[in-house]
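Chemist: Got input_0.cif for you, mmCIF, C-alpha atoms:
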data_upload
loop_
_atom_site.label_atom_id
_atom_site.label_comp_id
_atom_site.auth_asym_id
_atom_site.auth_seq_id
_atom_site.Cartn_x
_atom_site.Cartn_y
_atom_site.Cartn_z
CA MET A 1 -3.95 -9.83 6.41
CA LEU A 2 -3.84 -9.67 2.64
CA THR A 3 -3.67 -12.64 0.29
CA THR A 4 -3.75 -12.99 -3.49
CA ARG A 5 -7.41 -14.06 -3.30
CA PHE A 6 -8.32 -10.53 -4.33
CA VAL A 7 -11.86 -9.20 -3.96
CA ASP A 8 -13.36 -5.92 -5.13
CA GLY A 9 -12.32 -3.04 -2.90
CA ALA A 10 -9.23 -4.71 -1.46
CA PRO A 11 -5.64 -3.74 -2.31
CA ASN A 12 -4.28 -5.74 -5.25
CA TRP A 13 -1.13 -3.80 -6.22
CA ILE A 14 1.52 -1.43 -4.87
CA ASP A 15 4.25 0.45 -6.65
CA VAL A 16 6.93 2.97 -5.84
CA GLY A 17 7.62 6.10 -7.83
CA THR A 18 11.20 7.14 -7.16
CA SER A 19 13.92 9.46 -8.35
CA ASP A 20 16.37 6.54 -8.47
CA ILE A 21 14.96 3.19 -9.61
CA GLY A 22 18.44 1.64 -9.62
CA GLY A 23 18.95 2.68 -6.02
CA ALA A 24 15.48 1.42 -5.10
CA SER A 25 16.27 -1.92 -6.72
CA SER A 26 19.44 -2.23 -4.65
CA PHE A 27 17.75 -1.11 -1.43
CA TYR A 28 14.66 -3.34 -1.60
CA GLY A 29 16.68 -6.20 -3.02
CA ALA A 30 19.00 -6.19 -0.03
CA LEU A 31 16.16 -5.61 2.44
CA PHE A 32 13.46 -8.00 1.16
CA GLY A 33 15.21 -10.18 -1.41
CA TRP A 34 13.35 -8.53 -4.30
CA ARG A 35 14.78 -8.54 -7.82
CA PHE A 36 13.77 -5.82 -10.27
CA ARG A 37 12.70 -6.88 -13.75
CA SER A 38 11.85 -4.37 -16.48
CA ALA A 39 8.39 -4.63 -18.01
CA GLY A 40 9.94 -3.91 -21.41
CA PRO A 41 10.68 -0.86 -23.56
CA GLU A 42 6.98 -0.19 -24.16
CA ALA A 43 6.40 0.24 -20.41
CA GLY A 44 8.28 3.53 -20.16
CA GLY A 45 10.73 2.34 -17.53
CA TYR A 46 8.17 0.57 -15.35
CA GLY A 47 9.19 -2.77 -13.88
CA PHE A 48 8.39 -5.42 -11.31
CA PHE A 49 9.99 -6.26 -7.97
CA GLN A 50 9.91 -10.03 -7.76
CA LEU A 51 10.28 -12.33 -4.77
CA ASP A 52 11.37 -15.81 -5.81
CA GLY A 53 9.99 -15.17 -9.29
CA ARG A 54 6.61 -13.80 -8.11
CA THR A 55 5.70 -10.12 -8.45
CA ALA A 56 5.61 -8.43 -5.03
CA ALA A 57 5.43 -4.78 -6.20
CA GLY A 58 6.02 -2.45 -9.12
CA GLY A 59 8.23 0.56 -9.54
CA MET A 60 9.50 3.23 -11.89
CA ARG A 61 11.50 6.44 -11.98
CA ILE A 62 9.44 9.63 -11.78
CA PRO A 63 10.64 13.18 -12.48
CA PRO A 64 10.70 15.67 -9.57
CA GLU A 65 7.72 17.63 -10.95
CA GLN A 66 5.49 14.60 -10.35
CA GLY A 67 6.05 14.83 -6.63
CA PRO A 68 8.34 13.29 -4.02
CA PRO A 69 9.21 9.57 -4.06
CA SER A 70 6.34 7.56 -2.60
CA TRP A 71 4.50 4.26 -2.55
CA THR A 72 1.03 4.04 -4.09
CA VAL A 73 -1.59 1.51 -2.97
CA TYR A 74 -4.01 0.25 -5.65
CA PHE A 75 -7.47 -1.19 -4.99
CA ARG A 76 -9.36 -3.69 -7.11
CA SER A 77 -12.29 -2.23 -9.05
CA PRO A 78 -14.73 -4.10 -11.31
CA ASP A 79 -15.25 -0.90 -13.33
CA ALA A 80 -12.64 1.87 -13.26
CA GLU A 81 -14.94 4.44 -14.88
CA ALA A 82 -17.69 3.78 -12.35
CA THR A 83 -15.18 4.11 -9.50
CA LEU A 84 -14.00 7.42 -10.93
CA ARG A 85 -17.57 8.72 -11.03
CA ALA A 86 -18.10 7.62 -7.43
CA CYS A 87 -14.89 9.39 -6.46
CA GLU A 88 -16.05 12.65 -8.02
CA GLN A 89 -19.48 12.37 -6.38
CA ALA A 90 -17.76 11.88 -3.02
CA HIS A 91 -15.70 15.06 -3.55
CA GLY A 92 -12.45 13.27 -4.31
CA GLY A 93 -9.92 14.16 -6.99
CA VAL A 94 -8.70 12.62 -10.23
CA ARG A 95 -4.93 12.51 -10.81
CA MET A 96 -5.01 10.16 -13.83
CA ARG A 97 -8.12 9.05 -15.67
CA PRO A 98 -8.66 5.33 -16.43
CA MET A 99 -6.32 3.98 -19.09
CA ASP A 100 -5.57 0.58 -20.58
CA VAL A 101 -2.25 -0.96 -19.57
CA MET A 102 -0.95 -3.22 -22.34
CA GLY A 103 -4.00 -5.47 -22.16
CA LYS A 104 -3.28 -6.34 -18.53
CA GLY A 105 -6.09 -4.22 -17.11
CA ARG A 106 -7.17 -0.64 -16.56
CA MET A 107 -5.71 1.75 -14.03
CA ALA A 108 -6.49 5.18 -12.64
CA ILE A 109 -4.98 7.39 -9.96
CA LEU A 110 -7.53 9.13 -7.75
CA ALA A 111 -7.39 11.13 -4.52
CA ASP A 112 -9.64 11.00 -1.51
CA GLN A 113 -11.42 13.93 0.15
CA ALA A 114 -8.25 14.79 2.10
CA GLY A 115 -6.10 14.74 -1.05
CA VAL A 116 -4.45 11.36 -0.47
CA PRO A 117 -3.60 9.68 -3.80
CA PHE A 118 -4.41 6.03 -4.38
CA GLY A 119 -4.69 3.77 -7.39
CA ILE A 120 -7.45 1.73 -8.98
CA TRP A 121 -6.73 -1.51 -10.84
CA GLN A 122 -9.46 -3.12 -12.92
CA PRO A 123 -8.06 -6.56 -13.74
CA GLY A 124 -7.70 -7.82 -17.28
CA SER A 125 -5.24 -10.65 -17.75
CA LEU A 126 -3.38 -9.48 -14.61
CA ALA A 127 -5.32 -9.92 -11.37
CA GLY A 128 -2.74 -8.17 -9.24
CA LEU A 129 0.32 -9.03 -7.19
CA GLU A 130 1.51 -12.61 -7.39
CA VAL A 131 2.52 -12.81 -3.74
CA ALA A 132 0.94 -11.17 -0.68
CA GLY A 133 0.61 -12.01 3.00
CA GLU A 134 3.94 -13.86 3.07
CA THR A 135 7.35 -12.85 4.38
CA GLY A 136 8.81 -10.30 1.98
CA SER A 137 5.45 -9.17 0.58
CA LEU A 138 2.57 -6.78 1.20
CA CYS A 139 0.37 -7.84 4.09
CA TRP A 140 -1.38 -4.71 5.43
CA VAL A 141 -2.04 -1.04 4.57
CA GLU A 142 -2.85 2.01 6.68
CA LEU A 143 -4.36 5.36 5.85
CA TYR A 144 -3.12 8.28 7.94
CA THR A 145 -5.76 10.99 7.71
CA PRO A 146 -6.89 14.10 9.60
CA ASP A 147 -10.52 12.92 9.75
CA VAL A 148 -11.12 9.19 10.27
CA ALA A 149 -14.90 9.41 10.02
CA ALA A 150 -14.79 11.39 6.76
CA ALA A 151 -12.26 8.96 5.29
CA ALA A 152 -14.41 5.98 6.27
CA ALA A 153 -17.43 7.54 4.56
CA TYR A 154 -15.44 8.35 1.42
CA TYR A 155 -13.97 4.87 0.94
CA ARG A 156 -17.32 3.25 1.62
CA ALA A 157 -18.93 5.37 -1.10
CA VAL A 158 -16.11 4.87 -3.62
CA LEU A 159 -14.78 1.37 -2.97
CA GLY A 160 -17.55 -0.27 -0.96
CA LEU A 161 -15.43 -0.59 2.17
CA GLU A 162 -16.64 -0.80 5.74
CA THR A 163 -14.85 -0.01 8.96
CA SER A 164 -15.02 -1.39 12.48
CA ALA A 165 -13.45 -0.36 15.77
CA VAL A 166 -11.10 -2.82 17.45
CA SER A 167 -10.11 -2.20 21.07
CA PHE A 168 -6.51 -2.54 22.20
CA PRO A 169 -4.63 -1.37 25.31
CA GLY A 170 -4.59 2.40 25.15
CA GLY A 171 -7.38 2.99 22.66
CA THR A 172 -9.17 1.73 19.57
CA TYR A 173 -8.04 0.98 16.03
CA THR A 174 -10.27 1.47 12.98
CA CYS A 175 -10.03 -1.59 10.72
CA MET A 176 -11.11 -1.68 7.08
CA ASN A 177 -12.47 -4.49 4.90
CA PRO A 178 -14.67 -4.95 1.81
CA ALA A 179 -18.33 -4.59 2.79
CA GLY A 180 -19.99 -7.83 3.83
CA ARG A 181 -16.75 -9.80 3.98
CA GLY A 182 -16.25 -9.71 7.75
CA GLU A 183 -13.09 -9.55 9.83
CA ASP A 184 -11.39 -12.38 7.93
CA ALA A 185 -11.14 -9.96 4.98
CA MET A 186 -9.60 -7.08 6.97
CA PHE A 187 -6.67 -5.67 5.06
CA GLY A 188 -5.85 -2.37 6.75
CA GLY A 189 -6.72 0.43 9.05
CA VAL A 190 -7.50 4.13 9.24
CA VAL A 191 -5.31 6.08 11.66
CA PRO A 192 -5.49 9.71 12.86
CA LEU A 193 -2.69 11.67 11.21
CA ALA A 194 -1.81 13.03 14.65
CA ASP A 195 -0.57 9.52 15.54
CA ASP A 196 2.39 10.12 13.19
CA PRO A 197 3.94 13.34 14.51
CA SER A 198 6.68 13.15 11.88
CA GLU A 199 4.16 13.91 9.10
CA THR A 200 1.84 16.81 8.33
CA GLU A 201 0.30 15.47 5.08
CA PRO A 202 -2.04 12.42 5.00
CA TYR A 203 -0.90 9.30 3.16
CA TRP A 204 -1.35 5.56 2.55
CA LEU A 205 1.32 3.32 4.09
CA PRO A 206 2.06 -0.23 2.86
CA TYR A 207 3.32 -2.86 5.33
CA ILE A 208 5.73 -5.58 4.23
CA ALA A 209 5.94 -8.77 6.31
CA VAL A 210 9.39 -9.69 7.62
CA ALA A 211 10.76 -12.48 9.77
CA ASP A 212 12.65 -10.10 12.10
CA VAL A 213 11.61 -6.46 12.45
CA ASP A 214 14.71 -5.41 14.40
CA ALA A 215 17.00 -6.95 11.80
CA ALA A 216 15.04 -5.22 9.02
CA VAL A 217 15.35 -1.85 10.77
CA SER A 218 19.08 -2.28 11.22
CA ARG A 219 19.56 -3.39 7.61
CA ALA A 220 17.48 -0.49 6.28
CA GLN A 221 19.69 1.96 8.17
CA GLU A 222 22.84 0.30 6.81
CA LEU A 223 21.42 0.72 3.31
CA GLY A 224 20.74 4.44 3.78
CA GLY A 225 17.10 4.27 4.87
CA THR A 226 15.48 6.25 7.67
CA VAL A 227 13.68 5.03 10.78
CA ARG A 228 10.40 6.92 11.28
CA LEU A 229 9.11 4.68 14.09
CA PRO A 230 11.50 2.31 15.89
CA ALA A 231 10.60 -1.36 16.26
CA THR A 232 7.54 -1.47 18.51
CA ASP A 233 5.39 -4.28 19.90
CA ILE A 234 1.63 -3.87 19.41
CA PRO A 235 -0.42 -6.17 21.66
CA ASP A 236 -2.33 -8.88 19.80
CA VAL A 237 -0.89 -7.65 16.47
CA GLY A 238 2.87 -8.11 16.30
CA ARG A 239 6.06 -6.08 16.06
CA VAL A 240 6.20 -3.15 13.62
CA ALA A 241 8.45 -0.33 12.45
CA ARG A 242 7.90 2.56 10.06
CA LEU A 243 10.73 3.34 7.65
CA ALA A 244 11.63 5.35 4.55
CA ASP A 245 13.96 4.31 1.75
CA PRO A 246 17.02 6.43 0.81
CA CYS A 247 14.89 8.58 -1.54
CA GLY A 248 12.24 9.17 1.12
CA ALA A 249 9.44 6.77 0.07
CA ARG A 250 7.60 5.66 3.24
CA PHE A 251 6.76 2.06 4.09
CA ALA A 252 6.47 -0.14 7.16
CA VAL A 253 7.56 -3.62 8.18
CA ILE A 254 5.71 -6.03 10.44
CA ARG A 255 6.12 -9.44 11.97
CA PRO A 256 2.51 -10.35 12.68
CA LEU A 257 1.62 -12.59 15.58
CA PRO A 258 0.27 -16.02 14.57
CA ARG A 259 -3.49 -15.96 14.20
CA GLN A 260 -5.39 -17.59 17.03
CA ALA A 261 -7.47 -20.61 16.06
#
Render the structure in this file as C-alpha cells.
Modeler:
Amino acid sequence: MLTTRFVDGAPNWIDVGTSDIGGASSFYGALFGWRFRSAGPEAGGYGFFQLDGRTAAGGMRIPPEQGPPSWTVYFRSPDAEATLRACEQAHGGVRMRPMDVMGKGRMAILADQAGVPFGIWQPGSLAGLEVAGETGSLCWVELYTPDVAAAAAYYRAVLGLETSAVSFPGGTYTCMNPAGRGEDAMFGGVVPLADDPSETEPYWLPYIAVADVDAAVSRAQELGGTVRLPATDIPDVGRVARLADPCGARFAVIRPLPRQA
C-alpha cells in the first residue's frame, strides 16, 4: 500500500477534473471527511482536498471540451523532460508538456500506448500528497487495460516499474512496484479491461481507504454517486467497491486486511 515515503516511479498525487467542483467538494467531504481549500487566485481554480489539515488530493473544474470528469494519477519523476522523451520512445502520447507549477515542482500529462492519461510530478518544494495509506486517503491504484503485457512493458520503459504475478483463488493478479524495491513497495496492479464489463475505454483507478466499505457505498449512493461494483471481499486483500461520483468520475474504496507479520 502507498505511503508518503515517495520513491521515483510511484504515485505521489491524484486530482479530479470535474464539471462541478462545488458538488465534488460536498460529495467527497461527506464521504471521506475532505475539506476543499483553494490554492489561490493564481492557480486558476485549482485547490486541495484536505483530511484533517493534510492534503489528500487535488481538484479543479474543467470545461466539457477537455473530456469527461475523471481522476488522474500522477507518478513521481526525477526529470519530467526525460520521462516525456521515454514516453515518446515507447509510443505513448503527450497531453501536456512539462511545466512549472508555482515553484512547487514540474508536471506533465502523458498517455500510455493504449491512450490512458496519467500525470508526472517532478517534486520541487512539494513532494506530493501529505497523507496516503491511511483511512480517507489514497492507498492503491489500478490500471485497466486491453493488453496487460504491453502496459507492463510501457510503464517499465517510462517509469522504471516492474510487475509480478500474485496468485489468488480464481486466477492471478499483476502487481506493480518501482524496479528493485520488492513487494513492500507495491502500490497497484494492472488488470485486463475485460474484468470491468461496465467500461470499454482503459483507465487508471485510484483506491481510497475506508473503515467500512458497505457504509461508504451506501453513503455514496445517498449523495448521488453510482455503484459500479458492489462491495466485494477479495481473499487475502480486503473488501472493495468501485464507485463514481455524481459527475461520473470513477474511484474505488477499500478496507484492506491487516498485513501479516
Chemist: Here is a test: counting only C-alpha atoms, which residue of A:Leu129, A:Leu243, A:Ala152, A:Val166 is nearest to Arg5 in chain A?
Modeler: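 Checking each candidate against Arg5 in chain A, we get A:Leu129 as the closest.
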Chemist: In Å, how far is it from CA of Glu201 in chain A to CA of Val116 in chain A?
Modeler: 8.4 Å
Chemist: Enter the distance from CA of Asp184 in chain A to CA of Pro11 in chain A, in Å, rounded to one decimal.
Modeler: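 Separating CA of Asp184 in chain A from CA of Pro11 in chain A is a distance of 14.6 Å.
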Chemist: Using the chain letters and numbering of this document, enumerate as a list in words the residues selected by the PyMOL selection byres ((chain A and resi 214) around 12).
Modeler: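 So the PyMOL selection byres ((chain A and resi 214) around 12), applied here, picks out Val210, Ala211, Asp212, Val213, Ala215, Ala216, Val217, Ser218, Arg219, Ala220, Gln221, Val227, Leu229, Pro230, Ala231, Thr232, Asp233, Arg239, Val240, Ala241, Arg242, Leu243, Val253, Ile254 and Arg255 of chain A.
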Chemist: Using C-alpha atoms, can you export the residues from the last selection as an mmCIF file, in the frame of the given file?
Modeler:
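Generated file (result.cif):
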data_model
loop_
_atom_site.group_PDB
_atom_site.id
_atom_site.type_symbol
_atom_site.label_atom_id
_atom_site.label_comp_id
_atom_site.auth_asym_id
_atom_site.auth_seq_id
_atom_site.Cartn_x
_atom_site.Cartn_y
_atom_site.Cartn_z
ATOM 1 C CA VAL A 210 9.390 -9.690 7.620
ATOM 2 C CA ALA A 211 10.760 -12.480 9.770
ATOM 3 C CA ASP A 212 12.650 -10.100 12.100
ATOM 4 C CA VAL A 213 11.610 -6.460 12.450
ATOM 5 C CA ALA A 215 17.000 -6.950 11.800
ATOM 6 C CA ALA A 216 15.040 -5.220 9.020
ATOM 7 C CA VAL A 217 15.350 -1.850 10.770
ATOM 8 C CA SER A 218 19.080 -2.280 11.220
ATOM 9 C CA ARG A 219 19.560 -3.390 7.610
ATOM 10 C CA ALA A 220 17.480 -0.490 6.280
ATOM 11 C CA GLN A 221 19.690 1.960 8.170
ATOM 12 C CA VAL A 227 13.680 5.030 10.780
ATOM 13 C CA LEU A 229 9.110 4.680 14.090
ATOM 14 C CA PRO A 230 11.500 2.310 15.890
ATOM 15 C CA ALA A 231 10.600 -1.360 16.260
ATOM 16 C CA THR A 232 7.540 -1.470 18.510
ATOM 17 C CA ASP A 233 5.390 -4.280 19.900
ATOM 18 C CA ARG A 239 6.060 -6.080 16.060
ATOM 19 C CA VAL A 240 6.200 -3.150 13.620
ATOM 20 C CA ALA A 241 8.450 -0.330 12.450
ATOM 21 C CA ARG A 242 7.900 2.560 10.060
ATOM 22 C CA LEU A 243 10.730 3.340 7.650
ATOM 23 C CA VAL A 253 7.560 -3.620 8.180
ATOM 24 C CA ILE A 254 5.710 -6.030 10.440
ATOM 25 C CA ARG A 255 6.120 -9.440 11.970
#
Chemist: What is the CA of Leu205 in chain A-CA of Glu42 in chain A distance in Å, reported with one decimal?
Modeler: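 A separation of 29.0 Å between them.
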Chemist: Check the smallest atom-to-atom distance from each of A:Val141, A:Ala249, A:Ala150, A:Ile208 to Met186 in chain A using only C-alpha atoms, then report the winner.
Modeler: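 Of A:Val141, A:Ala249, A:Ala150, A:Ile208, the one nearest Met186 in chain A, counting only C-alpha atoms, is A:Val141.
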Chemist: Pick the closest to Asp79 in chain A from A:Asp147, A:Ala30, A:Val158, A:Ser125: which is it, counting all atoms listed in the file?
Modeler: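 Going through A:Asp147, A:Ala30, A:Val158, A:Ser125 one by one, the smallest distance to Asp79 in chain A is for A:Val158.
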Chemist: Would you list the contacts of Ala179 in chain A as a ChimeraX atom specification, taking every protein, DNA or RNA residue within 6 Å and counting only C-alpha atoms, but skipping same-chain residues closer than 5 positions in sequence?
Modeler: /A:160-162
Chemist: Looking at A:Pro146, A:Pro235, A:Gly224, A:Pro197, which one is nearest to Thr172 in chain A, with distances taken over all atoms listed in the file?
Modeler: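 Of A:Pro146, A:Pro235, A:Gly224, A:Pro197, the one nearest Thr172 in chain A is A:Pro235, counting all atoms listed in the file.
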Chemist: Kindly provide, as lines of an AutoDock Vina configuration file, the centre and edge lengths (Å, one decimal) of an axis-aligned box around all atoms of range 224-240 of chain A given in the file, with 3 Å on each side.
Modeler:
center_x = 9.2
center_y = -1.0
center_z = 12.7
size_x = 29.1
size_y = 21.8
size_z = 23.9
Chemist: To verify the selection step, state as a list of chain:residue names which residues the PyMOL selection byres ((chain A and resi 100) around 12) yields on this input.
Modeler: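 So the PyMOL selection byres ((chain A and resi 100) around 12) ends up selecting A:Ala43, A:Ala80, A:Glu81, A:Met96, A:Arg97, A:Pro98, A:Met99, A:Val101, A:Met102, A:Gly103, A:Lys104, A:Gly105, A:Arg106, A:Met107, A:Ala108, A:Ile120, A:Trp121, A:Gln122, A:Pro123, A:Gly124, A:Ser125, A:Leu126.
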Chemist: Need to verify the contact set: Phe49 in chain A, 7 Å, all atoms listed in the file, exclusion of same-chain residues closer than 4 positions in sequence. Can you return it as a list in words?
Modeler: Trp34, Arg35, Phe36, Arg37, Thr55, Ala56, Ala57 and Gly58 of chain A
Chemist: Spell out the residues picked by the PyMOL selection byres ((chain A and resi 95) around 7) here, as a ChimeraX atom specification.
Modeler: /A:93-94,96-97,109-111
Chemist: So which residues touch range 59-69 of chain A within 12 Å, counting all atoms listed in the file, skipping near sequence neighbours fewer than 3 positions away, as a ChimeraX atom specification?
Modeler: /A:13-25,28,34-40,43-50,55-56,72-73,95-96,117,244-251
Chemist: Generate all heavy atoms for range 36-47 of chain A and emit them as a short mmCIF file (atom, residue, chain, number, x, y, z; two decimals), in the coordinates of the input.
Modeler:
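Okay, result.cif is ready:
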data_model
loop_
_atom_site.label_atom_id
_atom_site.label_comp_id
_atom_site.auth_asym_id
_atom_site.auth_seq_id
_atom_site.Cartn_x
_atom_site.Cartn_y
_atom_site.Cartn_z
N PHE A 36 14.51 -6.68 -9.36
CA PHE A 36 13.77 -5.82 -10.27
C PHE A 36 13.89 -6.33 -11.70
O PHE A 36 14.98 -6.60 -12.18
CB PHE A 36 14.31 -4.38 -10.19
CG PHE A 36 13.50 -3.39 -10.98
CD1 PHE A 36 12.26 -2.96 -10.52
CD2 PHE A 36 13.97 -2.89 -12.18
CE1 PHE A 36 11.52 -2.04 -11.24
CE2 PHE A 36 13.24 -1.97 -12.90
CZ PHE A 36 12.00 -1.54 -12.43
N ARG A 37 12.73 -6.44 -12.35
CA ARG A 37 12.70 -6.88 -13.75
C ARG A 37 11.91 -5.86 -14.56
O ARG A 37 10.78 -5.52 -14.23
CB ARG A 37 12.03 -8.26 -13.87
CG ARG A 37 11.90 -8.75 -15.32
CD ARG A 37 11.34 -10.15 -15.37
NE ARG A 37 9.95 -10.23 -14.91
CZ ARG A 37 8.89 -9.94 -15.67
NH1 ARG A 37 9.06 -9.51 -16.92
NH2 ARG A 37 7.68 -10.05 -15.17
N SER A 38 12.52 -5.34 -15.63
CA SER A 38 11.85 -4.37 -16.48
C SER A 38 10.63 -4.99 -17.15
O SER A 38 10.63 -6.16 -17.52
CB SER A 38 12.82 -3.87 -17.56
OG SER A 38 12.13 -3.09 -18.53
N ALA A 39 9.59 -4.18 -17.30
CA ALA A 39 8.39 -4.63 -18.01
C ALA A 39 8.54 -4.50 -19.53
O ALA A 39 7.60 -4.80 -20.26
CB ALA A 39 7.18 -3.85 -17.53
N GLY A 40 9.69 -4.02 -19.98
CA GLY A 40 9.94 -3.91 -21.41
C GLY A 40 9.98 -2.47 -21.88
O GLY A 40 9.51 -1.56 -21.17
N PRO A 41 10.53 -2.24 -23.07
CA PRO A 41 10.68 -0.86 -23.56
C PRO A 41 9.37 -0.12 -23.73
O PRO A 41 9.31 1.11 -23.59
CB PRO A 41 11.39 -1.05 -24.91
CG PRO A 41 11.13 -2.47 -25.29
CD PRO A 41 11.06 -3.23 -24.02
N GLU A 42 8.28 -0.84 -23.98
CA GLU A 42 6.98 -0.19 -24.16
C GLU A 42 6.37 0.28 -22.85
O GLU A 42 5.36 1.00 -22.84
CB GLU A 42 6.01 -1.14 -24.87
CG GLU A 42 5.54 -2.34 -24.05
CD GLU A 42 6.51 -3.51 -24.06
OE1 GLU A 42 7.66 -3.33 -24.50
OE2 GLU A 42 6.11 -4.61 -23.61
N ALA A 43 6.96 -0.11 -21.72
CA ALA A 43 6.40 0.24 -20.41
C ALA A 43 6.94 1.54 -19.85
O ALA A 43 6.60 1.92 -18.73
CB ALA A 43 6.65 -0.90 -19.42
N GLY A 44 7.80 2.23 -20.60
CA GLY A 44 8.28 3.53 -20.16
C GLY A 44 9.14 3.51 -18.92
O GLY A 44 9.14 4.47 -18.15
N GLY A 45 9.86 2.44 -18.69
CA GLY A 45 10.73 2.34 -17.53
C GLY A 45 10.11 1.64 -16.34
O GLY A 45 10.78 1.42 -15.32
N TYR A 46 8.83 1.27 -16.45
CA TYR A 46 8.17 0.57 -15.35
C TYR A 46 8.71 -0.86 -15.27
O TYR A 46 9.10 -1.46 -16.28
CB TYR A 46 6.66 0.52 -15.60
CG TYR A 46 5.83 0.17 -14.38
CD1 TYR A 46 5.39 1.16 -13.53
CD2 TYR A 46 5.51 -1.15 -14.08
CE1 TYR A 46 4.62 0.86 -12.41
CE2 TYR A 46 4.74 -1.47 -12.97
CZ TYR A 46 4.30 -0.45 -12.13
OH TYR A 46 3.56 -0.75 -11.03
N GLY A 47 8.74 -1.39 -14.06
CA GLY A 47 9.19 -2.77 -13.88
C GLY A 47 8.58 -3.39 -12.65
O GLY A 47 7.79 -2.76 -11.93
#
